[in-house]
Amino acid sequence: MKPLMTMEQASAYASPWSLKMRLKLVLWIFVWALFYRTTPKPLYKWRVFLLRMFGCKVIGAPFVASSSRVKFPWKLTLDDRSCLGPECNVYNLAPITLKARCTIAQEAYLCAGTHDFTKSNLPLVVGEIVVGEDAFVGVRALVLPGVEIGAGAVVGAGAVVSRDVPEWMIAAGNPAKPIKERTRHP
């Protein structure tokens, strides 16, 4: 697990983000709604371009579906041939890295933030998420803050991943647990 970081807030209603970051987010929301979401599937390079214009680190040629949602493009890294499927949600309050050839299937949710419910001001708690090379995150899976999905790992549909998934392991369930090793193909 990657370490989690608490972002102090004056109250449960105060934003931990600077005014500059909030304005940048508002601009991104407009660009996403008008120029990202409305494009047909073959124009994925245009969507990657828009993400890059907002600070996303792009290596090679990733694919992003028009219905995918990215909270903060400047906290996202997309490696070559990584894939954000339809309706997936990248709630990257902390950095999220998608390594080469990994797939985030439709409606999966990568959630890099939560709250500390033991404190009255409910401070934001964030943790980096890394999805390894050749990994697959199944339909409607939920990956929580600080989790690393190992290279070649598979997360089953609907799984709730609260701990790291080892390389070349298949994990499923709520909470997700390793169920068997994945066969490596040359």
# chains A, B, ... in the order shown; residues from 1 in each chain; ligands from 1
call {"tool": "residues_around", "arguments": {"residues": "A:Phe54", "least_positions_apart": "6", "cutoff": "9 Å", "atoms": "only C-alpha atoms", "output": "PyMOL selection string"}}
result
chain A and resi 24+28+72-74
call {"tool": "write_last_selection", "arguments": {"atoms": "N, CA, C and O atoms", "output": "JSON list (two decimals), in the first residue's frame"}}
result
[["chain", "number", "residue", "atom", "x", "y", "z"],
["A", 24, "LYS", "N", -9.11, 26.23, -12.15],
["A", 24, "LYS", "CA", -8.63, 25.31, -13.19],
["A", 24, "LYS", "C", -9.58, 24.13, -13.34],
["A", 24, "LYS", "O", -9.87, 23.70, -14.46],
["A", 28, "TRP", "N", -11.69, 22.92, -16.61],
["A", 28, "TRP", "CA", -11.64, 21.53, -17.09],
["A", 28, "TRP", "C", -13.05, 20.95, -17.24],
["A", 28, "TRP", "O", -13.34, 20.26, -18.22],
["A", 72, "PHE", "N", -9.00, 15.38, -12.02],
["A", 72, "PHE", "CA", -7.89, 16.32, -12.17],
["A", 72, "PHE", "C", -6.90, 15.76, -13.20],
["A", 72, "PHE", "O", -6.04, 14.94, -12.84],
["A", 73, "PRO", "N", -6.97, 16.17, -14.46],
["A", 73, "PRO", "CA", -6.05, 15.63, -15.46],
["A", 73, "PRO", "C", -4.58, 15.79, -15.07],
["A", 73, "PRO", "O", -3.75, 14.95, -15.41],
["A", 74, "TRP", "N", -4.25, 16.86, -14.37],
["A", 74, "TRP", "CA", -2.86, 17.13, -14.00],
["A", 74, "TRP", "C", -2.34, 16.17, -12.93],
["A", 74, "TRP", "O", -1.16, 16.19, -12.61]]
call {"tool": "residues_around", "arguments": {"residues": "stretch 100-111 of chain A", "least_positions_apart": "5", "cutoff": "7 Å", "atoms": "only C-alpha atoms", "output": "list of chain:residue names"}}
result
A:Asp79, A:Asp80, A:Arg81, A:Ser82, A:Cys83, A:Leu84, A:Gly85, A:Pro86, A:Glu87, A:Cys88, A:Asn89, A:Val90, A:Tyr91, A:Asn92, A:Val131, A:Gly132, A:Glu133, A:Asp134, A:Ala135, A:Phe136, A:Val137, A:Gly138, A:Val139, A:Arg140, A:Ala141, A:Leu142, A:Val143, A:Leu144, A:Pro145
call {"tool": "closest_residue", "arguments": {"among": "A:Leu78, A:Ala61, A:Leu124, A:Ala157", "to": "A:Thr97", "atoms": "only C-alpha atoms"}}
result
A:Leu78
call {"tool": "select_by_dssp", "arguments": {"residues": "stretch 45-148 of chain A", "states": "strand (DSSP E)", "output": "number ranges by chain"}}
result
A: 57-58, 63-64, 69-70, 76-78, 83-84, 89-91, 96-98, 103-104, 109-111, 113-115, 124-127, 129-131, 136-137, 142-143, 148
call {"tool": "residues_around", "arguments": {"residues": "stretch 2-17 of chain A", "least_positions_apart": "2", "cutoff": "9 Å", "atoms": "only C-alpha atoms", "output": "PyMOL selection string"}}
result
chain A and resi 19-22+115-116+120-130+145-148+164
call {"tool": "residues_around", "arguments": {"residues": "A:Leu43", "least_positions_apart": "5", "cutoff": "12 Å", "atoms": "only C-alpha atoms", "output": "number ranges by chain"}}
result
A: 35-38, 48-50, 63-66
call {"tool": "atom_distance", "arguments": {"atom1": "atom CA of A:Val26", "atom2": "atom CA of A:Lys119"}}
result
28.9 Å
call {"tool": "residues_around", "arguments": {"residues": "A:Ile179", "least_positions_apart": "3", "cutoff": "12 Å", "atoms": "only C-alpha atoms", "output": "list in words"}}
result
Ala153, Val154, Val155, Gly156, Val165, Pro166, Trp168, Met169, Ile170, Ala171, Ala172, Gly173, Pro175, Ala176 and Arg182 of chain A
call {"tool": "select_by_dssp", "arguments": {"residues": "stretch 40-153 of chain A", "states": "helix (DSSP H, G or I)", "output": "count of residues only"}}
result
16
call {"tool": "closest_residue", "arguments": {"among": "A:Leu25, A:Lys57, A:Ser68, A:Ile96", "to": "A:Tyr44", "atoms": "only C-alpha atoms"}}
result
A:Ser68
call {"tool": "decode", "arguments": {"residues": "stretch 12-141 of chain A", "atoms": "C-alpha atoms", "output": "PDB file, in the first residue's frame"}}
result
ATOM      1  CA  ALA A  12     -15.896  19.848   7.083  1.00  0.00           C
ATOM      2  CA  TYR A  13     -17.229  22.505   4.699  1.00  0.00           C
ATOM      3  CA  ALA A  14     -13.927  24.154   3.741  1.00  0.00           C
ATOM      4  CA  SER A  15     -12.202  23.139   0.524  1.00  0.00           C
ATOM      5  CA  PRO A  16      -8.647  21.803   0.807  1.00  0.00           C
ATOM      6  CA  TRP A  17      -7.942  23.133  -2.709  1.00  0.00           C
ATOM      7  CA  SER A  18      -6.545  26.574  -3.545  1.00  0.00           C
ATOM      8  CA  LEU A  19      -8.650  29.082  -5.466  1.00  0.00           C
ATOM      9  CA  LYS A  20      -6.333  28.663  -8.475  1.00  0.00           C
ATOM     10  CA  MET A  21      -6.872  24.886  -8.478  1.00  0.00           C
ATOM     11  CA  ARG A  22     -10.641  25.279  -8.152  1.00  0.00           C
ATOM     12  CA  LEU A  23     -10.725  27.711 -11.106  1.00  0.00           C
ATOM     13  CA  LYS A  24      -8.629  25.312 -13.185  1.00  0.00           C
ATOM     14  CA  LEU A  25     -11.071  22.543 -12.265  1.00  0.00           C
ATOM     15  CA  VAL A  26     -14.047  24.659 -13.384  1.00  0.00           C
ATOM     16  CA  LEU A  27     -12.336  25.273 -16.744  1.00  0.00           C
ATOM     17  CA  TRP A  28     -11.641  21.529 -17.094  1.00  0.00           C
ATOM     18  CA  ILE A  29     -15.305  20.715 -16.380  1.00  0.00           C
ATOM     19  CA  PHE A  30     -16.392  22.985 -19.240  1.00  0.00           C
ATOM     20  CA  VAL A  31     -13.788  21.563 -21.638  1.00  0.00           C
ATOM     21  CA  TRP A  32     -14.741  18.003 -20.625  1.00  0.00           C
ATOM     22  CA  ALA A  33     -18.457  18.653 -21.181  1.00  0.00           C
ATOM     23  CA  LEU A  34     -18.110  20.538 -24.466  1.00  0.00           C
ATOM     24  CA  PHE A  35     -15.095  19.010 -26.222  1.00  0.00           C
ATOM     25  CA  TYR A  36     -14.250  15.682 -24.568  1.00  0.00           C
ATOM     26  CA  ARG A  37     -17.500  13.921 -23.795  1.00  0.00           C
ATOM     27  CA  THR A  38     -19.154  14.854 -27.086  1.00  0.00           C
ATOM     28  CA  THR A  39     -16.570  13.221 -29.374  1.00  0.00           C
ATOM     29  CA  PRO A  40     -17.107   9.856 -31.089  1.00  0.00           C
ATOM     30  CA  LYS A  41     -15.000   6.804 -30.223  1.00  0.00           C
ATOM     31  CA  PRO A  42     -12.496   7.141 -33.110  1.00  0.00           C
ATOM     32  CA  LEU A  43     -11.442  10.592 -31.852  1.00  0.00           C
ATOM     33  CA  TYR A  44      -9.722   9.228 -28.726  1.00  0.00           C
ATOM     34  CA  LYS A  45      -6.486  10.999 -29.735  1.00  0.00           C
ATOM     35  CA  TRP A  46      -8.342  14.304 -29.407  1.00  0.00           C
ATOM     36  CA  ARG A  47      -9.400  13.369 -25.865  1.00  0.00           C
ATOM     37  CA  VAL A  48      -5.817  12.392 -25.000  1.00  0.00           C
ATOM     38  CA  PHE A  49      -4.719  15.769 -26.404  1.00  0.00           C
ATOM     39  CA  LEU A  50      -7.212  17.597 -24.154  1.00  0.00           C
ATOM     40  CA  LEU A  51      -6.011  15.651 -21.111  1.00  0.00           C
ATOM     41  CA  ARG A  52      -2.419  16.509 -22.005  1.00  0.00           C
ATOM     42  CA  MET A  53      -3.334  20.210 -22.376  1.00  0.00           C
ATOM     43  CA  PHE A  54      -4.557  20.104 -18.776  1.00  0.00           C
ATOM     44  CA  GLY A  55      -1.333  18.534 -17.477  1.00  0.00           C
ATOM     45  CA  CYS A  56      -1.866  14.792 -17.885  1.00  0.00           C
ATOM     46  CA  LYS A  57       1.438  12.969 -18.395  1.00  0.00           C
ATOM     47  CA  VAL A  58       1.030  10.907 -21.558  1.00  0.00           C
ATOM     48  CA  ILE A  59       3.515   8.307 -22.764  1.00  0.00           C
ATOM     49  CA  GLY A  60       2.843   6.673 -26.135  1.00  0.00           C
ATOM     50  CA  ALA A  61      -0.717   6.161 -27.345  1.00  0.00           C
ATOM     51  CA  PRO A  62      -3.297   5.475 -24.596  1.00  0.00           C
ATOM     52  CA  PHE A  63      -7.032   5.112 -25.276  1.00  0.00           C
ATOM     53  CA  VAL A  64      -9.682   7.058 -23.368  1.00  0.00           C
ATOM     54  CA  ALA A  65     -13.401   6.561 -23.919  1.00  0.00           C
ATOM     55  CA  SER A  66     -15.488   9.694 -24.393  1.00  0.00           C
ATOM     56  CA  SER A  67     -17.677   8.797 -21.416  1.00  0.00           C
ATOM     57  CA  SER A  68     -14.734   8.335 -19.040  1.00  0.00           C
ATOM     58  CA  ARG A  69     -14.460  10.909 -16.268  1.00  0.00           C
ATOM     59  CA  VAL A  70     -11.203  12.346 -14.941  1.00  0.00           C
ATOM     60  CA  LYS A  71     -11.353  14.697 -11.929  1.00  0.00           C
ATOM     61  CA  PHE A  72      -7.885  16.319 -12.170  1.00  0.00           C
ATOM     62  CA  PRO A  73      -6.046  15.629 -15.465  1.00  0.00           C
ATOM     63  CA  TRP A  74      -2.860  17.130 -13.997  1.00  0.00           C
ATOM     64  CA  LYS A  75      -2.741  14.261 -11.451  1.00  0.00           C
ATOM     65  CA  LEU A  76      -3.029  11.485 -14.067  1.00  0.00           C
ATOM     66  CA  THR A  77      -0.333   9.536 -15.902  1.00  0.00           C
ATOM     67  CA  LEU A  78      -1.303   7.409 -18.917  1.00  0.00           C
ATOM     68  CA  ASP A  79       1.339   5.060 -20.317  1.00  0.00           C
ATOM     69  CA  ASP A  80       1.377   3.549 -23.807  1.00  0.00           C
ATOM     70  CA  ARG A  81      -1.730   1.496 -24.693  1.00  0.00           C
ATOM     71  CA  SER A  82      -3.355   2.010 -21.295  1.00  0.00           C
ATOM     72  CA  CYS A  83      -7.133   2.191 -21.543  1.00  0.00           C
ATOM     73  CA  LEU A  84      -9.884   4.093 -19.738  1.00  0.00           C
ATOM     74  CA  GLY A  85     -13.101   2.303 -20.668  1.00  0.00           C
ATOM     75  CA  PRO A  86     -16.636   3.677 -21.027  1.00  0.00           C
ATOM     76  CA  GLU A  87     -18.159   5.355 -17.966  1.00  0.00           C
ATOM     77  CA  CYS A  88     -15.092   4.655 -15.794  1.00  0.00           C
ATOM     78  CA  ASN A  89     -14.367   7.251 -13.142  1.00  0.00           C
ATOM     79  CA  VAL A  90     -10.864   8.466 -12.250  1.00  0.00           C
ATOM     80  CA  TYR A  91     -11.397  10.369  -8.995  1.00  0.00           C
ATOM     81  CA  ASN A  92      -7.748  11.328  -8.691  1.00  0.00           C
ATOM     82  CA  LEU A  93      -7.514  13.583  -5.669  1.00  0.00           C
ATOM     83  CA  ALA A  94      -4.000  12.083  -5.455  1.00  0.00           C
ATOM     84  CA  PRO A  95      -1.893  10.913  -8.417  1.00  0.00           C
ATOM     85  CA  ILE A  96      -3.138   7.930 -10.408  1.00  0.00           C
ATOM     86  CA  THR A  97      -0.800   6.122 -12.783  1.00  0.00           C
ATOM     87  CA  LEU A  98      -1.966   3.688 -15.452  1.00  0.00           C
ATOM     88  CA  LYS A  99       1.018   1.704 -16.681  1.00  0.00           C
ATOM     89  CA  ALA A 100       1.491   0.325 -20.198  1.00  0.00           C
ATOM     90  CA  ARG A 101      -1.266  -1.875 -21.620  1.00  0.00           C
ATOM     91  CA  CYS A 102      -3.456  -1.876 -18.503  1.00  0.00           C
ATOM     92  CA  THR A 103      -7.227  -1.676 -18.889  1.00  0.00           C
ATOM     93  CA  ILE A 104      -9.789   0.016 -16.684  1.00  0.00           C
ATOM     94  CA  ALA A 105     -13.082  -1.568 -17.761  1.00  0.00           C
ATOM     95  CA  GLN A 106     -16.447   0.143 -18.041  1.00  0.00           C
ATOM     96  CA  GLU A 107     -17.869   1.781 -14.934  1.00  0.00           C
ATOM     97  CA  ALA A 108     -14.803   0.971 -12.809  1.00  0.00           C
ATOM     98  CA  TYR A 109     -14.034   3.574 -10.140  1.00  0.00           C
ATOM     99  CA  LEU A 110     -10.497   4.548  -9.168  1.00  0.00           C
ATOM    100  CA  CYS A 111     -10.990   6.531  -5.946  1.00  0.00           C
ATOM    101  CA  ALA A 112      -7.850   8.208  -4.602  1.00  0.00           C
ATOM    102  CA  GLY A 113      -9.620  10.088  -1.808  1.00  0.00           C
ATOM    103  CA  THR A 114     -11.766   9.568   1.266  1.00  0.00           C
ATOM    104  CA  HIS A 115     -12.268  11.284   4.637  1.00  0.00           C
ATOM    105  CA  ASP A 116     -11.058  10.678   8.176  1.00  0.00           C
ATOM    106  CA  PHE A 117     -14.374  10.049   9.898  1.00  0.00           C
ATOM    107  CA  THR A 118     -12.753   9.960  13.348  1.00  0.00           C
ATOM    108  CA  LYS A 119     -12.340  13.762  13.281  1.00  0.00           C
ATOM    109  CA  SER A 120     -15.160  16.291  13.401  1.00  0.00           C
ATOM    110  CA  ASN A 121     -13.772  18.376  10.520  1.00  0.00           C
ATOM    111  CA  LEU A 122     -13.676  15.259   8.270  1.00  0.00           C
ATOM    112  CA  PRO A 123     -10.261  16.012   6.701  1.00  0.00           C
ATOM    113  CA  LEU A 124      -9.597  14.675   3.248  1.00  0.00           C
ATOM    114  CA  VAL A 125      -7.358  11.588   3.123  1.00  0.00           C
ATOM    115  CA  VAL A 126      -5.708  10.863  -0.221  1.00  0.00           C
ATOM    116  CA  GLY A 127      -3.466   8.103  -1.542  1.00  0.00           C
ATOM    117  CA  GLU A 128      -1.790   7.409  -4.869  1.00  0.00           C
ATOM    118  CA  ILE A 129      -3.140   4.559  -7.027  1.00  0.00           C
ATOM    119  CA  VAL A 130      -0.929   2.654  -9.468  1.00  0.00           C
ATOM    120  CA  VAL A 131      -2.259   0.096 -11.958  1.00  0.00           C
ATOM    121  CA  GLY A 132       0.610  -2.029 -13.274  1.00  0.00           C
ATOM    122  CA  GLU A 133       1.538  -3.066 -16.799  1.00  0.00           C
ATOM    123  CA  ASP A 134      -0.867  -5.534 -18.448  1.00  0.00           C
ATOM    124  CA  ALA A 135      -3.258  -5.375 -15.462  1.00  0.00           C
ATOM    125  CA  PHE A 136      -7.039  -5.439 -15.864  1.00  0.00           C
ATOM    126  CA  VAL A 137      -9.579  -3.794 -13.551  1.00  0.00           C
ATOM    127  CA  GLY A 138     -12.993  -5.359 -14.173  1.00  0.00           C
ATOM    128  CA  VAL A 139     -16.437  -3.882 -14.693  1.00  0.00           C
ATOM    129  CA  ARG A 140     -17.715  -1.796 -11.749  1.00  0.00           C
ATOM    130  CA  ALA A 141     -14.684  -2.579  -9.593  1.00  0.00           C
TER     131      ALA A 141
END
